[in-house]
Amino acid sequence: MAIASTIRPCCSHLLLSQIIPKYPYHFSKSQKCPHRYEVVAQAASTAPAPHPTFDPVGAGSATPPHILLHGLKPLVFTPLLPFPEKTRNVDPVRHEPIPRTESVAEREAWKLLNQSVVNYCGKPVGTVATADAGAFKGELLNYDQVFIRDFVPSALAFLLKGETEIVRNFLLHTLQLQSWEKTVDCYSPGQGLMPASFKVHAAPIDGNADAEEEVLDPDFGESAIGRVAPVDSGLWWIILLRAYGKITGDFSLLERVDVQTGIKLILNLCLSDGFDMFPTLLVTDGSCMIDRRMGIHGHPLEIQSLFYSALRCAKEMLTFNEGSANLIRAIKNRLSALSFHVREYYWVDLKKLNEIYRYKTEEYSQNATNKFNIYPEQIPAWLVDWIPDRGGYLIGNVQPAHMDFRFFSLGNLWAIVSSLTTPKQAEGILSLIEEKWDDLIGTMPLKISYPALESDEWRIITGSDPKNTPWSYHNGGSWPTLLWQFTLACIKMGRPDLAKRAISTAEKRLLDDNWPEYYDTPTGRFVGKQSRLYQTWTVAGFLTSKLLLEKPELASILTFEEDLELLEGCACRLSRNGRTRCSRQAARSQLLGNCA
Ligand code: GLC
């Protein structure tokens, strides 16, 4: 397979044709590291107004034009360094706060997280996936890179601790990598794609073997196993950008023309017209955290939850002007349709399963109940006994004649966090997790998916993948990094007790086992067969969970409440036939009431 690869220099003089991204910035040859770009004539309809110069790492004098942000409000933020006020005791003699004692696991975790930091041009820009990259049978693969999705819990741990520089640098440097020209067999991915990961390495300057410079080398999937483009990277980037803005109050970063353009490029890619009949995003297998074939192609829940969250973040952060009005309208429409679709068609509980069990099939009409022609025989045997009387969950995928009934943790948790579900559904998901604690949390939180694919299903759906054998890795393995997303969802729903219980199950074991990437077996008793140790997002996920529990009010940098304007939009479109009234009241009863 021929793969064209380009790298991005830290501070050198390169030919424009070697380094120019497709759109819209030119490298300014005269700049030393940290480098500068110039906005050039726009080639796409989404182009922002040209702005003379700007500085990706914020060291220059360029000031973006003042722009009013749409709805983002800063939090009153007190950095957590060294420890939050409420956990401090006061020294009676000196009248000074006595710092809270960190647990052994926390101390070790901070040490590891700091060691994992990757520098570029002398500045921190991310964290490496694992400190143990080559330890598994010497197979380095890409574990020595900075992954966009893996960096999110690291970024949050740093932000919650009051260290913001690394996150700012990460956001701006990954932005420069967006749309970088990479091709697989003569074909380039769409503009706006964010890389799955990047690496900093040394390269000779202008062919001179004696002089080296640092370069950022992104991977958009053209080197990844399976050659899958990471759909989730851009969504995570937008989510992290909002969290950074809310916690730091640094809105000048969000207002920058390059940052606004970055958001628009990601969204244009996601919102572009295709052949879809559904508001959910159509993607290929393995385009998210589960980055190998696992039968999640189509409309997997994880992508839909992140998509919904990113759209809500963008709605807050995009500047409102003539150039963005259409995009903001498209975002609102998609949000309404997406939440209706997921709430209505992905949700299952005992009542809904009973409905599906009695579904009529082959319905041809606009008013069909069984819109996707689901044959009741699809209800898997395991689910009949497993579904509790109380609670429910969002299933993994909905497509014509296909419901993937597996439980996927990340998608369910993120649907709670972003209010993609109704409040009642969100409560129902946590009830189900509580009820099915042994299956989903077991001896190590948290199952990535439940249950595992076995026998023929494993052979056919995973392609006999030896890494995804039953109850291992993505196929029913337990991933401690998911702890922070669980904690976030629990805090949002007023159930921190559940998160505390899960963290205490994980804490000692993670330290003793050297922070594995994942665990195997139905209850997570063994360290994963091919698991790396000292996995950074395991470490960071643990720290972020602890910090969120200490300052639960800061969970709001990531969460969203129900938006009645969006519900109203959907209720209005549903009531075009005039049967229902078009109002917030109608929206509330129609969507909050009916969908569980
Ligand atoms: C594995 C995981 C992926 C993660 C990467 C780096 O490929 O499936 O989600 O980003 O490792 O940790």
# chains A, B, ... in the order shown; residues from 1 in each chain; ligands from 1
>>> residues_around(residues="Pro522 (chain A)", least_positions_apart="3", cutoff="10 Å", atoms="only C-alpha atoms", output="ChimeraX atom specification")
/A:438-443,447,450-452,470-472,476-478,519,525-526
>>> write_last_selection(atoms="all heavy atoms", output="compact mmCIF listing (two decimals), in the first residue's frame")
# COMPACT_ATOMS: atom_id res chain seq x y z
N ASP A 438 -22.35 -6.28 38.88
CA ASP A 438 -21.37 -7.36 38.71
C ASP A 438 -20.99 -7.55 37.24
O ASP A 438 -19.87 -7.90 36.92
CB ASP A 438 -21.91 -8.68 39.25
CG ASP A 438 -22.03 -8.63 40.76
OD1 ASP A 438 -21.45 -7.70 41.36
OD2 ASP A 438 -22.73 -9.48 41.34
N ASP A 439 -21.95 -7.32 36.35
CA ASP A 439 -21.66 -7.50 34.92
C ASP A 439 -20.91 -6.30 34.33
O ASP A 439 -20.06 -6.48 33.46
CB ASP A 439 -22.98 -7.63 34.12
CG ASP A 439 -23.69 -8.93 34.44
OD1 ASP A 439 -23.01 -9.90 34.80
OD2 ASP A 439 -24.93 -8.95 34.34
N LEU A 440 -21.25 -5.10 34.76
CA LEU A 440 -20.70 -3.91 34.08
C LEU A 440 -19.52 -3.29 34.83
O LEU A 440 -18.65 -2.68 34.21
CB LEU A 440 -21.80 -2.86 33.88
CG LEU A 440 -23.00 -3.35 33.05
CD1 LEU A 440 -24.10 -2.30 32.98
CD2 LEU A 440 -22.57 -3.73 31.63
N ILE A 441 -19.48 -3.48 36.13
CA ILE A 441 -18.35 -2.95 36.91
C ILE A 441 -17.48 -4.11 37.39
O ILE A 441 -16.26 -4.09 37.20
CB ILE A 441 -18.84 -2.14 38.14
CG1 ILE A 441 -19.87 -1.08 37.72
CG2 ILE A 441 -17.67 -1.55 38.91
CD1 ILE A 441 -19.36 0.20 37.12
N GLY A 442 -18.07 -5.09 37.98
CA GLY A 442 -17.35 -6.29 38.41
C GLY A 442 -16.17 -5.95 39.31
O GLY A 442 -16.29 -5.12 40.22
N THR A 443 -15.01 -6.55 39.02
CA THR A 443 -13.85 -6.27 39.87
C THR A 443 -12.98 -5.17 39.28
O THR A 443 -11.95 -4.83 39.84
CB THR A 443 -12.97 -7.54 40.04
OG1 THR A 443 -12.54 -7.97 38.75
CG2 THR A 443 -13.74 -8.65 40.72
N LYS A 447 -16.90 -2.10 31.92
CA LYS A 447 -17.00 -2.87 30.67
C LYS A 447 -17.14 -1.90 29.49
O LYS A 447 -17.97 -1.01 29.51
CB LYS A 447 -18.26 -3.72 30.70
CG LYS A 447 -18.10 -5.02 31.43
CD LYS A 447 -17.72 -6.15 30.48
CE LYS A 447 -17.18 -7.34 31.23
NZ LYS A 447 -15.82 -7.21 31.73
N TYR A 450 -21.03 -4.91 26.48
CA TYR A 450 -21.58 -6.09 27.15
C TYR A 450 -22.74 -6.64 26.34
O TYR A 450 -23.56 -5.85 25.89
CB TYR A 450 -22.06 -5.73 28.57
CG TYR A 450 -22.63 -6.92 29.29
CD1 TYR A 450 -21.81 -7.73 30.07
CD2 TYR A 450 -23.98 -7.26 29.14
CE1 TYR A 450 -22.34 -8.85 30.71
CE2 TYR A 450 -24.49 -8.38 29.77
CZ TYR A 450 -23.67 -9.17 30.56
OH TYR A 450 -24.18 -10.28 31.18
N PRO A 451 -22.88 -7.94 26.17
CA PRO A 451 -21.92 -8.98 26.53
C PRO A 451 -20.89 -9.15 25.40
O PRO A 451 -20.96 -8.43 24.40
CB PRO A 451 -22.80 -10.22 26.63
CG PRO A 451 -23.90 -9.98 25.64
CD PRO A 451 -24.12 -8.50 25.60
N ALA A 452 -20.00 -10.13 25.56
CA ALA A 452 -19.00 -10.38 24.52
C ALA A 452 -19.62 -11.15 23.36
O ALA A 452 -20.59 -11.88 23.53
CB ALA A 452 -17.86 -11.20 25.12
N PRO A 470 -13.54 -13.35 23.04
CA PRO A 470 -14.60 -13.05 24.02
C PRO A 470 -14.06 -12.61 25.38
O PRO A 470 -13.14 -13.21 25.91
CB PRO A 470 -15.36 -14.38 24.12
CG PRO A 470 -15.11 -15.05 22.81
CD PRO A 470 -13.74 -14.65 22.37
N TRP A 471 -14.62 -11.56 25.91
CA TRP A 471 -14.29 -10.96 27.20
C TRP A 471 -12.87 -10.41 27.25
O TRP A 471 -12.24 -10.36 28.30
CB TRP A 471 -14.52 -11.94 28.37
CG TRP A 471 -15.91 -12.47 28.36
CD1 TRP A 471 -16.31 -13.73 28.03
CD2 TRP A 471 -17.12 -11.74 28.63
NE1 TRP A 471 -17.68 -13.85 28.09
CE2 TRP A 471 -18.21 -12.63 28.46
CE3 TRP A 471 -17.41 -10.41 29.00
CZ2 TRP A 471 -19.53 -12.25 28.65
CZ3 TRP A 471 -18.72 -10.05 29.18
CH2 TRP A 471 -19.75 -10.95 29.02
N SER A 472 -12.37 -9.99 26.10
CA SER A 472 -11.06 -9.34 26.07
C SER A 472 -11.15 -8.06 25.25
O SER A 472 -11.97 -7.95 24.33
CB SER A 472 -10.05 -10.31 25.42
OG SER A 472 -8.77 -9.72 25.42
N GLY A 476 -15.96 -6.95 25.25
CA GLY A 476 -16.35 -7.29 26.62
C GLY A 476 -15.21 -7.16 27.62
O GLY A 476 -15.30 -7.68 28.74
N GLY A 477 -14.14 -6.48 27.25
CA GLY A 477 -13.06 -6.19 28.20
C GLY A 477 -13.45 -5.03 29.12
O GLY A 477 -14.45 -4.34 28.88
N SER A 478 -12.67 -4.84 30.19
CA SER A 478 -12.96 -3.74 31.14
C SER A 478 -11.87 -2.69 31.01
O SER A 478 -10.69 -3.01 31.07
CB SER A 478 -12.98 -4.28 32.57
OG SER A 478 -13.94 -5.29 32.67
N TYR A 519 -8.63 -4.86 31.15
CA TYR A 519 -8.70 -6.14 31.87
C TYR A 519 -9.57 -7.11 31.08
O TYR A 519 -10.45 -6.68 30.33
CB TYR A 519 -9.29 -5.94 33.26
CG TYR A 519 -8.35 -5.28 34.25
CD1 TYR A 519 -8.12 -3.91 34.23
CD2 TYR A 519 -7.67 -6.04 35.21
CE1 TYR A 519 -7.26 -3.31 35.15
CE2 TYR A 519 -6.82 -5.45 36.13
CZ TYR A 519 -6.61 -4.09 36.09
OH TYR A 519 -5.75 -3.49 36.99
N ARG A 525 -11.19 -9.88 35.96
CA ARG A 525 -10.27 -10.36 36.99
C ARG A 525 -8.81 -10.38 36.54
O ARG A 525 -7.90 -10.30 37.37
CB ARG A 525 -10.68 -11.76 37.46
CG ARG A 525 -12.02 -11.71 38.17
CD ARG A 525 -12.29 -12.98 38.91
NE ARG A 525 -11.42 -13.15 40.06
CZ ARG A 525 -11.26 -14.29 40.70
NH1 ARG A 525 -11.88 -15.36 40.29
NH2 ARG A 525 -10.46 -14.37 41.74
N PHE A 526 -8.57 -10.55 35.23
CA PHE A 526 -7.19 -10.64 34.76
C PHE A 526 -6.76 -9.36 34.05
O PHE A 526 -7.57 -8.74 33.35
CB PHE A 526 -7.03 -11.78 33.74
CG PHE A 526 -7.24 -13.15 34.29
CD1 PHE A 526 -7.36 -14.23 33.43
CD2 PHE A 526 -7.31 -13.39 35.65
CE1 PHE A 526 -7.55 -15.51 33.91
CE2 PHE A 526 -7.50 -14.67 36.15
CZ PHE A 526 -7.63 -15.73 35.28
>>> residues_around(residues="region 430-437 of chain A", least_positions_apart="4", cutoff="10 Å", atoms="only C-alpha atoms", output="number ranges by chain")
A: 349, 386-393, 409, 412-413, 416, 425-426, 441-443, 445-446, 486, 489-490, 493, 495, 498, 502, 523
>>> residues_near_ligand(ligand="ligand 1", cutoff="9 Å", atoms="only C-alpha atoms and all ligand atoms", output="PyMOL selection string")
chain A and resi 128-130+142-151+196-197+224-225+286+288-292+473-474+517+532+535-537
>>> residues_around(residues="Arg242 (chain A)", least_positions_apart="2", cutoff="9 Å", atoms="only C-alpha atoms", output="list of chain:residue names")
A:Leu72, A:Trp237, A:Ile238, A:Ile239, A:Leu240, A:Tyr244, A:Gly245, A:Lys246, A:Ile247, A:Leu254, A:Cys313, A:Ala314, A:Glu316, A:Met317, A:Ile557, A:Leu558
>>> residues_around(residues="region 105-117 of chain A", least_positions_apart="6", cutoff="9 Å", atoms="only C-alpha atoms", output="list in words")
Pro124, Val125, Gly126, Thr127, Val128, Ala129, Thr130, Ala131, Ser154, Ile166, Glu507, Lys508, Leu510, Leu511, Trp515, Tyr534, Thr536, Trp537, Val539, Ala540, Phe542, Leu543 and Lys546 of chain A
>>> atom_distance(atom1="CA of Val417 (chain A)", atom2="CA of Ile263 (chain A)")
20.7 Å
>>> select_by_dssp(residues="region 392-471 of chain A", states="alpha helix (DSSP H)", output="PyMOL selection string")
chain A and resi 409-417+423-435+437-440+455-462
>>> write_last_selection(atoms="C-alpha atoms", output="PDB file, in the first residue's frame")
ATOM      1  CA  SER A 409     -20.640   2.179  28.136  1.00  0.00           C
ATOM      2  CA  LEU A 410     -19.090   5.241  26.543  1.00  0.00           C
ATOM      3  CA  GLY A 411     -22.111   6.016  24.359  1.00  0.00           C
ATOM      4  CA  ASN A 412     -24.554   5.587  27.246  1.00  0.00           C
ATOM      5  CA  LEU A 413     -22.503   7.667  29.667  1.00  0.00           C
ATOM      6  CA  TRP A 414     -21.890  10.441  27.185  1.00  0.00           C
ATOM      7  CA  ALA A 415     -25.605  10.503  26.301  1.00  0.00           C
ATOM      8  CA  ILE A 416     -26.281  11.272  29.975  1.00  0.00           C
ATOM      9  CA  VAL A 417     -23.533  13.890  30.165  1.00  0.00           C
ATOM     10  CA  PRO A 423     -33.668  13.009  32.337  1.00  0.00           C
ATOM     11  CA  LYS A 424     -35.752   9.888  33.019  1.00  0.00           C
ATOM     12  CA  GLN A 425     -33.735   7.817  30.576  1.00  0.00           C
ATOM     13  CA  ALA A 426     -30.504   9.111  32.145  1.00  0.00           C
ATOM     14  CA  GLU A 427     -31.726   7.959  35.560  1.00  0.00           C
ATOM     15  CA  GLY A 428     -32.728   4.660  33.995  1.00  0.00           C
ATOM     16  CA  ILE A 429     -29.236   4.039  32.620  1.00  0.00           C
ATOM     17  CA  LEU A 430     -27.632   4.591  36.028  1.00  0.00           C
ATOM     18  CA  SER A 431     -30.245   2.339  37.633  1.00  0.00           C
ATOM     19  CA  LEU A 432     -29.400  -0.374  35.143  1.00  0.00           C
ATOM     20  CA  ILE A 433     -25.680  -0.039  35.879  1.00  0.00           C
ATOM     21  CA  GLU A 434     -26.417  -0.264  39.602  1.00  0.00           C
ATOM     22  CA  GLU A 435     -28.650  -3.257  39.087  1.00  0.00           C
ATOM     23  CA  TRP A 437     -23.073  -3.960  38.848  1.00  0.00           C
ATOM     24  CA  ASP A 438     -21.371  -7.361  38.708  1.00  0.00           C
ATOM     25  CA  ASP A 439     -21.665  -7.497  34.924  1.00  0.00           C
ATOM     26  CA  LEU A 440     -20.704  -3.912  34.083  1.00  0.00           C
ATOM     27  CA  SER A 455     -18.329 -18.475  18.760  1.00  0.00           C
ATOM     28  CA  ASP A 456     -19.759 -17.845  15.288  1.00  0.00           C
ATOM     29  CA  GLU A 457     -20.718 -14.292  16.136  1.00  0.00           C
ATOM     30  CA  TRP A 458     -17.114 -13.566  17.117  1.00  0.00           C
ATOM     31  CA  ARG A 459     -15.829 -15.246  13.921  1.00  0.00           C
ATOM     32  CA  ILE A 460     -18.227 -13.444  11.609  1.00  0.00           C
ATOM     33  CA  ILE A 461     -18.442 -10.038  13.258  1.00  0.00           C
ATOM     34  CA  THR A 462     -14.818  -9.471  14.319  1.00  0.00           C
TER      35      THR A 462
END
>>> select_by_dssp(residues="region 416-472 of chain A", states="strand (DSSP E or B)", output="PyMOL selection string")
chain A and resi 447+449-450+472
>>> write_last_selection(atoms="all heavy atoms", output="CSV table (one decimal), in the first residue's frame")
chain,number,residue,atom,x,y,z
A,447,LYS,N,-16.9,-2.1,31.9
A,447,LYS,CA,-17.0,-2.9,30.7
A,447,LYS,C,-17.1,-1.9,29.5
A,447,LYS,O,-18.0,-1.0,29.5
A,447,LYS,CB,-18.3,-3.7,30.7
A,447,LYS,CG,-18.1,-5.0,31.4
A,447,LYS,CD,-17.7,-6.1,30.5
A,447,LYS,CE,-17.2,-7.3,31.2
A,447,LYS,NZ,-15.8,-7.2,31.7
A,449,SER,N,-18.1,-2.9,26.5
A,449,SER,CA,-19.3,-3.4,25.8
A,449,SER,C,-19.7,-4.7,26.5
A,449,SER,O,-18.9,-5.4,27.1
A,449,SER,CB,-19.0,-3.7,24.3
A,449,SER,OG,-18.0,-4.7,24.3
A,450,TYR,N,-21.0,-4.9,26.5
A,450,TYR,CA,-21.6,-6.1,27.2
A,450,TYR,C,-22.7,-6.6,26.3
A,450,TYR,O,-23.6,-5.9,25.9
A,450,TYR,CB,-22.1,-5.7,28.6
A,450,TYR,CG,-22.6,-6.9,29.3
A,450,TYR,CD1,-21.8,-7.7,30.1
A,450,TYR,CD2,-24.0,-7.3,29.1
A,450,TYR,CE1,-22.3,-8.9,30.7
A,450,TYR,CE2,-24.5,-8.4,29.8
A,450,TYR,CZ,-23.7,-9.2,30.6
A,450,TYR,OH,-24.2,-10.3,31.2
A,472,SER,N,-12.4,-10.0,26.1
A,472,SER,CA,-11.1,-9.3,26.1
A,472,SER,C,-11.1,-8.1,25.2
A,472,SER,O,-12.0,-7.9,24.3
A,472,SER,CB,-10.1,-10.3,25.4
A,472,SER,OG,-8.8,-9.7,25.4
>>> decode(residues="region 273-371 of chain A", atoms="C-alpha atoms", output="short mmCIF file (atom, residue, chain, number, x, y, z; two decimals), in the first residue's frame")
data_model
loop_
_atom_site.label_atom_id
_atom_site.label_comp_id
_atom_site.auth_asym_id
_atom_site.auth_seq_id
_atom_site.Cartn_x
_atom_site.Cartn_y
_atom_site.Cartn_z
CA ASP A 273 -25.24 15.95 2.81
CA GLY A 274 -25.03 12.33 1.82
CA PHE A 275 -27.49 9.54 1.18
CA ASP A 276 -28.60 9.31 4.79
CA MET A 277 -32.20 9.03 5.86
CA PHE A 278 -31.32 9.36 9.55
CA PRO A 279 -29.96 12.28 11.60
CA THR A 280 -27.36 9.97 13.12
CA LEU A 281 -23.83 10.06 11.72
CA LEU A 282 -23.02 7.21 9.33
CA VAL A 283 -19.52 5.85 9.92
CA THR A 284 -17.39 2.85 9.22
CA ASP A 285 -16.43 0.19 11.77
CA GLY A 286 -13.70 1.13 14.23
CA SER A 287 -13.88 4.90 13.83
CA CYS A 288 -13.86 5.71 17.55
CA MET A 289 -12.45 4.33 20.83
CA ILE A 290 -13.26 0.86 19.50
CA ASP A 291 -10.84 1.19 16.61
CA ARG A 292 -10.99 -2.37 15.29
CA ARG A 293 -13.71 -4.34 13.57
CA MET A 294 -16.41 -5.00 16.15
CA GLY A 295 -19.60 -4.78 14.12
CA ILE A 296 -20.23 -1.15 15.02
CA HIS A 297 -20.32 0.29 11.49
CA GLY A 298 -23.41 2.26 10.59
CA HIS A 299 -24.74 4.49 13.36
CA PRO A 300 -22.89 3.47 16.54
CA LEU A 301 -24.10 5.06 19.75
CA GLU A 302 -20.64 6.26 20.83
CA ILE A 303 -20.31 8.47 17.76
CA GLN A 304 -23.88 9.77 18.08
CA SER A 305 -23.39 10.79 21.71
CA LEU A 306 -20.10 12.55 20.98
CA PHE A 307 -21.61 14.14 17.87
CA TYR A 308 -24.54 15.49 19.89
CA SER A 309 -22.19 16.81 22.55
CA ALA A 310 -19.89 18.47 20.01
CA LEU A 311 -22.87 20.09 18.27
CA ARG A 312 -24.06 21.53 21.58
CA CYS A 313 -20.55 22.80 22.35
CA ALA A 314 -20.29 24.38 18.91
CA LYS A 315 -23.70 26.02 19.25
CA GLU A 316 -22.33 27.80 22.32
CA MET A 317 -18.93 28.65 20.93
CA LEU A 318 -19.55 29.68 17.32
CA THR A 319 -19.56 33.40 16.76
CA PHE A 320 -22.79 34.65 15.35
CA ASN A 321 -22.47 36.55 12.09
CA GLU A 322 -23.69 36.38 8.53
CA GLY A 323 -21.11 33.76 7.65
CA SER A 324 -22.11 31.40 10.43
CA ALA A 325 -25.88 31.87 10.48
CA ASN A 326 -26.60 28.94 8.16
CA LEU A 327 -24.27 26.65 10.03
CA ILE A 328 -25.83 27.55 13.39
CA ARG A 329 -29.28 26.89 11.94
CA ALA A 330 -28.10 23.52 10.61
CA ILE A 331 -26.65 22.66 14.03
CA LYS A 332 -29.93 23.42 15.79
CA ASN A 333 -31.94 21.38 13.31
CA ARG A 334 -29.61 18.44 13.60
CA LEU A 335 -29.60 18.58 17.40
CA SER A 336 -33.39 18.44 17.52
CA ALA A 337 -33.64 15.58 15.06
CA LEU A 338 -30.77 13.64 16.61
CA SER A 339 -32.11 13.77 20.15
CA PHE A 340 -35.58 12.71 18.99
CA HIS A 341 -34.17 9.84 16.94
CA VAL A 342 -31.93 8.48 19.70
CA ARG A 343 -34.48 8.90 22.48
CA GLU A 344 -37.16 7.21 20.45
CA TYR A 345 -35.33 4.44 18.58
CA TYR A 346 -32.22 3.56 20.63
CA TRP A 347 -33.92 3.32 24.00
CA VAL A 348 -34.85 -0.10 25.38
CA ASP A 349 -36.36 -1.12 28.68
CA LEU A 350 -38.68 -3.94 29.64
CA LYS A 351 -41.72 -2.16 28.22
CA LYS A 352 -40.03 -1.31 24.93
CA LEU A 353 -38.65 -4.82 24.52
CA ASN A 354 -42.12 -6.18 25.00
CA GLU A 355 -43.32 -3.86 22.23
CA ILE A 356 -40.54 -5.02 19.91
CA TYR A 357 -41.37 -8.62 20.76
CA ARG A 358 -44.87 -8.06 19.41
CA TYR A 359 -43.85 -5.90 16.44
CA LYS A 360 -45.73 -6.22 13.19
CA THR A 361 -43.26 -6.33 10.27
CA GLU A 362 -43.26 -5.33 6.59
CA GLU A 363 -45.18 -2.12 7.29
CA TYR A 364 -45.30 0.14 4.25
CA SER A 365 -46.51 3.61 5.25
CA GLN A 366 -45.38 6.87 6.81
CA ASN A 367 -47.11 5.93 10.03
CA ALA A 368 -45.43 2.57 10.60
CA THR A 369 -44.69 1.70 14.22
CA ASN A 370 -41.85 -0.63 13.29
CA LYS A 371 -40.12 1.91 11.05
#
